[in-house]
Amino acid sequence: AQFPPVEIKVDRGTVLIEGKIDRVDVLGNPESSGAEFVKIIDYKSGSDKFSAEEAMDGWKLQLMIYLKAAVQGLQKEAAENKTEAAAVKPAGVFYFGISEPMIDSGELSAEERAGRVADQIKRSFRLDGVLLQENLVIESLDSGISGYSDVVPIRLTKDGYAGTSARRLLSEEDFQQFIGAVDQTIETLCKEFLAGSIEIKPKKRKNETACTYCDYKSICNYEN
């Protein structure tokens, strides 16, 4: 499917954002008045990790922009086809690593090696991102969770599903607040872009900045 660009309207004009989404999955829910849940997956050959905090800070916006484009595109498609408009909700956004994992099995016995290595490889391909706390969505991704999921960053406890760390499993309200915070960041960046702001202020993450992989750091006046 092809979705229209994301439109960000600010005082000085409109910014159009477009790109190529690796994978979009749409899950219908007959129990929720025809609601549709949208999941975004971006395939990565590197070691990128998803962070909700970094997305809200404007460090990595790709997945959230893709989600916005898909949700808006499906809503527009329903309106143009004059079909009964179903609620379109986020199911989750994820990175999926496609690089071949390296597993250290040197200290394992022959009996342990096959099972242990297979288990570690399976965990290395777990989706990395944030997921909606909705049983239909969770079970569509991994219907056989027992303890930690091999597919998504959640686990099954005696009290139900929980994220493996903070901001991995979000209620619908929390997910919408997360989307709202990212939207605000995107709008701020677009305002600065149209205003001609060229201030040197690379994003920082722990001991790393955008300068790490910049081809022009040798002629830039910015000091880490």
# chains A, B, ... in the order shown; residues from 1 in each chain; ligands from 1
>>> select_by_dssp(residues="region 23-219 of chain A", states="alpha helix (DSSP H)", output="count of residues only")
69
>>> residues_around(residues="region 128-135 of chain A", least_positions_apart="3", cutoff="10 Å", atoms="only C-alpha atoms", output="JSON, numbers by chain")
{"A": [37, 39, 40, 41, 42, 48, 49, 50, 51, 52, 63, 89, 90, 91, 92, 93, 94, 95, 96, 97, 124, 125, 138, 139, 140, 141, 143, 151, 152, 153, 154, 160, 161, 162, 163, 166, 167, 168, 169, 170, 171, 172, 173, 174, 175]}
>>> residues_around(residues="Ala195 (chain A)", least_positions_apart="5", cutoff="10 Å", atoms="only C-alpha atoms", output="list in words")
Asp11, Arg12, Leu189 and Cys190 of chain A
>>> write_last_selection(atoms="N, CA and C atoms", output="compact mmCIF listing (two decimals), in the first residue's frame")
# COMPACT_ATOMS: atom_id res chain seq x y z
N ASP A 11 3.22 27.65 11.41
CA ASP A 11 2.91 29.03 11.04
C ASP A 11 3.48 29.42 9.67
N ARG A 12 4.66 28.97 9.35
CA ARG A 12 5.34 29.39 8.12
C ARG A 12 4.96 28.54 6.90
N LEU A 189 10.52 20.69 15.53
CA LEU A 189 11.62 20.55 14.58
C LEU A 189 11.26 21.16 13.23
N CYS A 190 10.00 20.97 12.81
CA CYS A 190 9.56 21.54 11.53
C CYS A 190 9.53 23.06 11.60
>>> residues_around(residues="region 185-188 of chain A", least_positions_apart="2", cutoff="7 Å", atoms="only C-alpha atoms", output="ChimeraX atom specification")
/A:8,56-58,181-183,190-192
>>> write_last_selection(atoms="N, CA, C and O atoms", output="compact mmCIF listing (two decimals), in the first residue's frame")
# COMPACT_ATOMS: atom_id res chain seq x y z
N ILE A 8 2.82 18.24 8.24
CA ILE A 8 3.00 18.97 9.49
C ILE A 8 2.79 20.45 9.19
O ILE A 8 3.60 21.09 8.51
N MET A 56 10.88 10.76 21.78
CA MET A 56 10.26 11.99 22.29
C MET A 56 11.22 13.16 22.26
O MET A 56 10.81 14.32 22.16
N ASP A 57 12.53 12.87 22.35
CA ASP A 57 13.54 13.93 22.31
C ASP A 57 13.93 14.31 20.89
O ASP A 57 14.72 15.23 20.68
N GLY A 58 13.41 13.57 19.89
CA GLY A 58 13.72 13.88 18.51
C GLY A 58 14.95 13.20 17.96
O GLY A 58 15.41 13.51 16.87
N ALA A 181 3.42 13.32 22.48
CA ALA A 181 4.72 13.90 22.82
C ALA A 181 5.65 13.90 21.60
O ALA A 181 6.36 14.89 21.34
N VAL A 182 5.62 12.81 20.84
CA VAL A 182 6.46 12.74 19.63
C VAL A 182 5.96 13.73 18.59
O VAL A 182 6.76 14.42 17.93
N ASP A 183 4.64 13.83 18.43
CA ASP A 183 4.08 14.80 17.48
C ASP A 183 4.52 16.22 17.81
O ASP A 183 4.82 17.03 16.92
N CYS A 190 10.00 20.97 12.81
CA CYS A 190 9.56 21.54 11.53
C CYS A 190 9.53 23.06 11.60
O CYS A 190 9.89 23.74 10.62
N LYS A 191 9.12 23.62 12.72
CA LYS A 191 9.13 25.08 12.89
C LYS A 191 10.56 25.60 12.77
O LYS A 191 10.81 26.63 12.10
N GLU A 192 11.48 24.93 13.41
CA GLU A 192 12.88 25.36 13.36
C GLU A 192 13.43 25.23 11.94
O GLU A 192 14.19 26.09 11.47
>>> residues_around(residues="Gln2 (chain A)", least_positions_apart="4", cutoff="10 Å", atoms="only C-alpha atoms", output="list in words")
Lys20, Ile21, Ala69, Ala70, Gly73 and Leu74 of chain A
>>> atom_distance(atom1="CA of Gln75 (chain A)", atom2="CA of Val38 (chain A)")
11.4 Å
>>> select_by_dssp(residues="region 68-219 of chain A", states="strand (DSSP E or B)", output="NGL selection string")
:A and (88-97 or 128-132 or 148 or 154-157 or 160-163 or 169-170 or 204-205 or 208-209)
>>> closest_residue(among="A:Val26, A:Val6, A:Ala35, A:Cys220", to="Ala87 (chain A)", atoms="only C-alpha atoms")
A:Ala35
>>> atom_distance(atom1="CA of Gly196 (chain A)", atom2="CA of Lys9 (chain A)")
16.0 Å
>>> atom_distance(atom1="CA of Lys76 (chain A)", atom2="CA of Gly180 (chain A)")
19.8 Å
>>> closest_residue(among="A:Asn207, A:Ser99, A:Gly144, A:Ile179", to="Val71 (chain A)", atoms="only C-alpha atoms")
A:Ile179
>>> closest_residue(among="A:Asn221, A:Gln176, A:Ser165, A:Thr14", to="Glu199 (chain A)", atoms="only C-alpha atoms")
A:Asn221
